[in-house]
$ cat coords24.txt   # compact mmCIF, C-alpha atoms
# COMPACT_ATOMS: atom_id res chain seq x y z
CA MET K 3 123.04 95.18 107.47
CA GLY K 4 125.23 98.18 108.31
CA ARG K 5 123.81 101.04 110.37
CA ASN K 6 124.95 104.55 111.18
CA LEU K 7 125.30 104.57 114.96
CA ASP K 8 126.28 108.26 115.24
CA PRO K 9 123.96 110.25 117.56
CA LYS K 10 121.08 111.43 115.37
CA CYS K 11 120.89 114.95 116.74
CA LYS K 12 124.59 115.50 116.13
CA GLN K 13 124.14 114.45 112.50
CA CYS K 14 121.61 117.25 112.00
CA ARG K 15 123.70 119.82 113.88
CA ARG K 16 126.81 118.93 111.90
CA LEU K 17 125.00 119.56 108.61
CA GLY K 18 123.13 122.59 109.95
CA GLU K 19 119.70 121.33 108.90
CA LYS K 20 116.84 119.29 110.32
CA LEU K 21 116.82 115.77 108.86
CA PHE K 22 113.90 114.54 111.02
CA LEU K 23 115.84 111.48 112.15
CA LYS K 24 113.94 111.22 115.45
CA GLY K 25 110.43 111.42 114.06
CA GLU K 26 107.90 113.42 116.09
CA ARG K 27 110.54 114.72 118.50
CA CYS K 28 112.00 116.80 115.66
CA ASN K 29 108.77 118.83 115.52
CA THR K 30 108.95 119.83 119.18
CA GLN K 31 110.99 122.30 121.22
CA LYS K 32 113.12 119.36 122.38
CA CYS K 33 114.75 119.17 118.95
CA ALA K 34 118.50 119.79 119.15
CA MET K 35 118.31 122.13 116.16
CA VAL K 36 116.02 124.37 118.21
CA LYS K 37 118.06 124.28 121.41
CA ARG K 38 121.59 124.15 119.96
CA ASN K 39 121.60 125.26 116.35
CA PHE K 40 125.35 125.04 115.89
CA ALA K 41 127.88 122.33 115.07
CA PRO K 42 128.66 119.77 117.82
CA GLY K 43 131.97 119.83 119.61
CA LEU K 44 133.93 122.19 121.85
CA HIS K 45 134.36 124.85 119.15
CA GLY K 46 131.00 124.43 117.47
CA GLN K 47 129.71 127.92 118.28
CA SER K 48 132.95 129.71 117.43
CA VAL K 49 133.21 127.85 114.12
CA ALA K 50 129.66 128.90 113.24
CA ARG K 51 130.50 132.59 113.92
CA GLY K 52 133.72 132.60 111.92
CA ARG K 53 132.82 130.12 109.19
CA LYS K 54 135.26 130.20 106.31
CA ARG K 55 134.38 129.89 102.65
CA VAL K 56 133.73 126.25 101.71
CA SER K 57 135.12 124.87 98.46
CA ASP K 58 132.87 123.52 95.70
CA TYR K 59 133.97 120.02 96.64
CA GLY K 60 133.06 120.68 100.27
CA LEU K 61 129.58 121.87 99.28
CA GLN K 62 129.05 118.81 97.07
CA LEU K 63 130.22 116.48 99.85
CA ALA K 64 127.93 118.16 102.39
CA GLU K 65 124.92 117.82 100.06
CA LYS K 66 125.69 114.16 99.45
CA GLN K 67 125.99 113.55 103.18
CA LYS K 68 122.72 115.37 103.84
CA VAL K 69 120.71 113.21 101.43
CA LYS K 70 122.43 110.02 102.54
CA LYS K 71 121.75 110.73 106.22
CA TYR K 72 118.17 111.83 105.56
CA TYR K 73 117.37 108.42 104.01
CA GLN K 74 119.58 106.73 106.63
CA LEU K 75 121.72 104.81 104.13
CA MET K 76 125.32 103.69 104.27
CA GLU K 77 127.70 104.84 101.54
CA LYS K 78 127.75 101.54 99.65
CA GLN K 79 123.96 101.33 99.38
CA PHE K 80 123.65 105.01 98.54
CA LEU K 81 126.21 104.76 95.74
CA LEU K 82 124.60 101.57 94.38
CA THR K 83 121.24 103.36 94.12
CA PHE K 84 122.95 106.30 92.42
CA LYS K 85 124.53 104.02 89.81
CA LYS K 86 121.28 102.12 89.16
CA SER K 87 119.39 105.36 88.64
CA GLY K 88 121.99 106.44 86.08
CA LYS K 89 121.11 103.45 83.90
CA ARG K 90 117.49 104.57 83.57
CA SER K 91 116.36 106.80 80.74
CA GLY K 92 115.56 110.40 81.63
CA ASP K 93 117.00 112.88 84.11
CA HIS K 94 119.55 111.23 86.37
CA GLY K 95 118.80 113.44 89.37
CA ILE K 96 115.03 112.89 89.22
CA ASN K 97 115.50 109.15 88.74
CA PHE K 98 117.85 109.02 91.73
CA LEU K 99 115.45 110.78 94.09
CA SER K 100 112.55 108.74 92.73
CA MET K 101 114.37 105.50 93.54
CA LEU K 102 115.13 106.73 97.06
CA GLU K 103 111.49 107.73 97.56
CA THR K 104 110.13 104.38 96.37
CA ARG K 105 112.18 102.32 98.81
CA LEU K 106 109.72 100.38 100.97
CA ASP K 107 111.00 101.90 104.23
CA ASN K 108 110.57 105.42 102.83
CA VAL K 109 107.07 104.60 101.57
CA LEU K 110 106.06 103.64 105.13
CA LEU K 111 107.33 107.02 106.30
CA ARG K 112 105.35 108.85 103.59
CA LEU K 113 102.24 106.89 104.63
CA THR K 114 102.88 107.92 108.27
CA TRP K 115 102.92 104.22 109.19
CA ALA K 116 106.29 105.01 110.76
CA SER K 117 107.61 108.19 112.38
CA SER K 118 111.18 107.89 111.07
CA HIS K 119 113.26 105.94 108.59
CA THR K 120 114.80 103.99 111.47
CA GLN K 121 111.40 102.89 112.73
CA ALA K 122 110.21 102.12 109.18
CA ARG K 123 113.22 99.87 108.67
CA GLN K 124 112.49 98.08 111.92
CA ILE K 125 108.87 97.51 110.90
CA VAL K 126 109.91 96.00 107.56
CA ASN K 127 112.70 93.90 109.06
CA HIS K 128 110.26 92.38 111.57
CA GLY K 129 108.04 91.16 108.75
CA HIS K 130 104.97 93.33 109.44
CA ILE K 131 104.50 94.41 105.80
CA THR K 132 103.27 92.68 102.65
CA VAL K 133 103.55 93.90 99.06
CA ASN K 134 101.06 92.43 96.60
CA GLY K 135 100.13 89.77 99.14
CA ARG K 136 103.68 88.59 99.85
CA LYS K 137 105.70 89.36 102.97
CA VAL K 138 108.64 91.65 102.29
CA ASP K 139 111.31 92.13 104.96
CA ILE K 140 113.84 94.06 102.87
CA PRO K 141 113.74 97.84 103.56
CA SER K 142 115.40 98.66 100.23
CA TYR K 143 112.69 96.83 98.25
CA GLN K 144 111.58 99.05 95.36
CA VAL K 145 107.82 99.42 95.06
CA LYS K 146 106.38 100.00 91.60
CA PRO K 147 103.24 101.65 90.20
CA GLY K 148 100.34 99.36 91.06
CA SER K 149 102.00 97.84 94.14
CA ILE K 150 99.59 97.20 97.03
CA ILE K 151 101.15 97.64 100.47
CA LYS K 152 99.42 96.22 103.54
CA ILE K 153 100.07 95.50 107.19
CA LYS K 154 99.81 91.83 108.09
CA LYS K 155 96.60 91.11 110.02
CA SER K 156 98.60 89.50 112.80
CA SER K 157 100.58 92.73 113.15
CA LEU K 158 97.70 95.21 113.43
CA ASN K 159 97.80 95.01 117.24
CA SER K 160 101.52 95.78 117.27
CA LYS K 161 102.61 98.93 119.13
CA PHE K 162 103.53 100.44 115.76
CA PHE K 163 99.94 100.46 114.48
CA ARG K 164 97.63 100.78 117.48
CA ASP K 165 96.74 104.41 116.67
CA LEU K 166 96.98 103.99 112.89
CA LYS K 167 93.35 104.95 112.17
CA ASP K 168 93.70 108.25 114.02
CA ARG K 169 97.04 108.94 112.35
CA MET K 170 95.66 108.34 108.87
CA LYS K 171 92.78 110.79 109.46
CA LYS K 172 95.31 113.57 110.11
CA SER K 173 97.89 112.66 107.47
CA GLU K 174 98.32 114.27 104.06
CA LEU K 175 99.70 111.75 101.63
CA PRO K 176 101.73 112.61 98.53
CA SER K 177 99.90 112.43 95.22
CA TRP K 178 101.65 109.21 94.18
CA LEU K 179 100.18 107.22 97.09
CA HIS K 180 96.56 106.29 97.80
CA TYR K 181 95.25 104.88 101.08
CA ASP K 182 92.14 102.71 101.29
CA SER K 183 90.77 103.19 104.81
CA GLU K 184 88.34 100.26 104.56
CA ASP K 185 90.96 97.77 103.43
CA MET K 186 93.77 99.51 105.38
CA SER K 187 96.03 99.20 102.36
CA ALA K 188 98.04 101.63 100.27
CA LYS K 189 98.56 101.68 96.52
CA VAL K 190 101.40 103.21 94.53
CA LEU K 191 99.69 105.22 91.78
CA HIS K 192 102.79 106.32 89.89
CA GLU K 193 106.46 107.08 90.41
CA PRO K 194 107.09 110.31 92.33
CA GLN K 195 108.00 113.19 90.03
CA GLY K 196 108.29 116.97 90.22
CA ASN K 197 106.73 118.35 93.40
CA ASP K 198 106.40 114.81 94.78
CA LEU K 199 110.16 114.79 95.30
CA PRO K 200 111.99 116.59 98.14
CA GLN K 201 112.63 120.19 97.07
CA ASN K 202 115.42 120.94 99.55
CA PHE K 203 117.99 118.63 97.96
CA LYS K 204 120.47 119.96 95.38
CA VAL K 205 120.83 116.66 93.60
CA HIS K 206 122.96 118.15 90.81
CA MET K 207 125.73 118.60 93.40
CA ILE K 208 125.63 114.88 94.16
CA ILE K 209 125.96 114.10 90.46
CA GLU K 210 128.94 116.46 90.26
CA TYR K 211 130.47 114.85 93.37
CA TYR K 212 130.35 111.33 91.94
CA SER K 213 131.48 112.53 88.50
CA LYS K 214 134.93 113.50 89.76

$ encode --input "coords24.txt" --output "structure tokens"
Amino acid sequence: MGRNLDPKCKQCRRLGEKLFLKGERCNTQKCAMVKRNFAPGLHGQSVARGRKRVSDYGLQLAEKQKVKKYYQLMEKQFLLTFKKSGKRSGDHGINFLSMLETRLDNVLLRLTWASSHTQARQIVNHGHITVNGRKVDIPSYQVKPGSIIKIKKSSLNSKFFRDLKDRMKKSELPSWLHYDSEDMSAKVLHEPQGNDLPQNFKVHMIIEYYSK
């Protein structure tokens, strides 16, 4: 499976926005976007001061890159998801974001079972998660309404989940997910729609980008 090996902090600085690629660190004063809120490179600060007008294509490309890097996907997988969402009935943009949100690795992030997409992918790849009673080790697996997501009993003592009970007490889950504290399982209530979806993405620009 391909991975983006570019330094995570530089990815955020290049796009000029926090993508929370390093989990909890991004919420502290150590975040690169707090200390160096300008593009990486020798001329990063001077470019920021004298930024020229960006073309429509450049804006569309930047938005596509932002969403792709936020979900930590490679171009081929990102484009495949975009094409699949276009075959569904309804609004293409909403369907696209909904499919990205219902990836198993992203669901773990929304449940706060992982602090970043990278860690969520690692958890899934190592076989710690079951969906409807069956082990799933594919991060791109699409959960559906009614899916029950659990941590394998043998994995509960893993370093990833030692403080899970305390984490879940503090977490605020999106409306499309429900957590059963007694069973330590999560259920997908419905597909994310409206306010359940990220509001800082201009998905219409991505549609325009791929329509060229």

$ atom_distance --input "coords24.txt" --atom1 "CA of Lys78 in chain K" --atom2 "CA of Lys214 in chain K"
17.1 Å

$ atom_distance --input "coords24.txt" --atom1 "CA of Val138 in chain K" --atom2 "CA of Leu106 in chain K"
8.9 Å

$ residues_around --input "coords24.txt" --residues "Leu82 in chain K" --least-positions-apart "5" --cutoff "12 Å" --atoms "only C-alpha atoms" --output "ChimeraX atom specification"
/K:70,75-77,87-89,98,101-102,142,212

$ closest_residue --input "coords24.txt" --among "K:Pro147, K:Pro200, K:Gly135, K:Gly60" --to "Arg112 in chain K" --atoms "all atoms listed in the file"
K:Pro200

$ residues_around --input "coords24.txt" --residues "range 170-185 of chain K" --least-positions-apart "3" --cutoff "7 Å" --atoms "all atoms listed in the file" --output "PyMOL selection string"
chain K and resi 112-114+166-167+188-194+198

$ closest_residue --input "coords24.txt" --among "K:Leu111, K:Gln121, K:Ala116, K:Phe80" --to "Lys66 in chain K" --atoms "only C-alpha atoms"
K:Phe80

$ atom_distance --input "coords24.txt" --atom1 "CA of Val69 in chain K" --atom2 "CA of Val126 in chain K"
21.2 Å

$ closest_residue --input "coords24.txt" --among "K:Ser156, K:Gln124, K:Asn108, K:Asn197" --to "Asp139 in chain K" --atoms "all atoms listed in the file"
K:Gln124

$ closest_residue --input "coords24.txt" --among "K:Ser157, K:Ser57, K:Arg169, K:Lys146" --to "Ser117 in chain K" --atoms "all atoms listed in the file"
K:Arg169

$ closest_residue --input "coords24.txt" --among "K:Leu199, K:Val133, K:Ile151, K:Ala64" --to "Tyr211 in chain K" --atoms "only C-alpha atoms"
K:Ala64

$ residues_near_point --input "coords24.txt" --point "(118.0, 112.3, 89.9)" --cutoff "12 Å" --atoms "only C-alpha atoms" --output "short mmCIF file (atom, residue, chain, number, x, y, z; two decimals) with C-alpha atoms, in the coordinates of the input"
data_model
loop_
_atom_site.label_atom_id
_atom_site.label_comp_id
_atom_site.auth_asym_id
_atom_site.auth_seq_id
_atom_site.Cartn_x
_atom_site.Cartn_y
_atom_site.Cartn_z
CA VAL K 69 120.71 113.21 101.43
CA THR K 83 121.24 103.36 94.12
CA PHE K 84 122.95 106.30 92.42
CA LYS K 85 124.53 104.02 89.81
CA LYS K 86 121.28 102.12 89.16
CA SER K 87 119.39 105.36 88.64
CA GLY K 88 121.99 106.44 86.08
CA LYS K 89 121.11 103.45 83.90
CA ARG K 90 117.49 104.57 83.57
CA SER K 91 116.36 106.80 80.74
CA GLY K 92 115.56 110.40 81.63
CA ASP K 93 117.00 112.88 84.11
CA HIS K 94 119.55 111.23 86.37
CA GLY K 95 118.80 113.44 89.37
CA ILE K 96 115.03 112.89 89.22
CA ASN K 97 115.50 109.15 88.74
CA PHE K 98 117.85 109.02 91.73
CA LEU K 99 115.45 110.78 94.09
CA SER K 100 112.55 108.74 92.73
CA MET K 101 114.37 105.50 93.54
CA LEU K 102 115.13 106.73 97.06
CA GLU K 103 111.49 107.73 97.56
CA PRO K 194 107.09 110.31 92.33
CA GLN K 195 108.00 113.19 90.03
CA GLY K 196 108.29 116.97 90.22
CA LEU K 199 110.16 114.79 95.30
CA PRO K 200 111.99 116.59 98.14
CA GLN K 201 112.63 120.19 97.07
CA PHE K 203 117.99 118.63 97.96
CA LYS K 204 120.47 119.96 95.38
CA VAL K 205 120.83 116.66 93.60
CA HIS K 206 122.96 118.15 90.81
CA MET K 207 125.73 118.60 93.40
CA ILE K 208 125.63 114.88 94.16
CA ILE K 209 125.96 114.10 90.46
CA GLU K 210 128.94 116.46 90.26
#

$ residues_near_point --input "coords24.txt" --point "(117.4, 98.0, 108.7)" --cutoff "7 Å" --atoms "all atoms listed in the file" --output "list in words"
Met3, Arg123, Gln124, Asn127 and Pro141 of chain K

$ closest_residue --input "coords24.txt" --among "K:Thr104, K:Thr132, K:Ser187, K:Thr120" --to "Tyr72 in chain K" --atoms "all atoms listed in the file"
K:Thr120
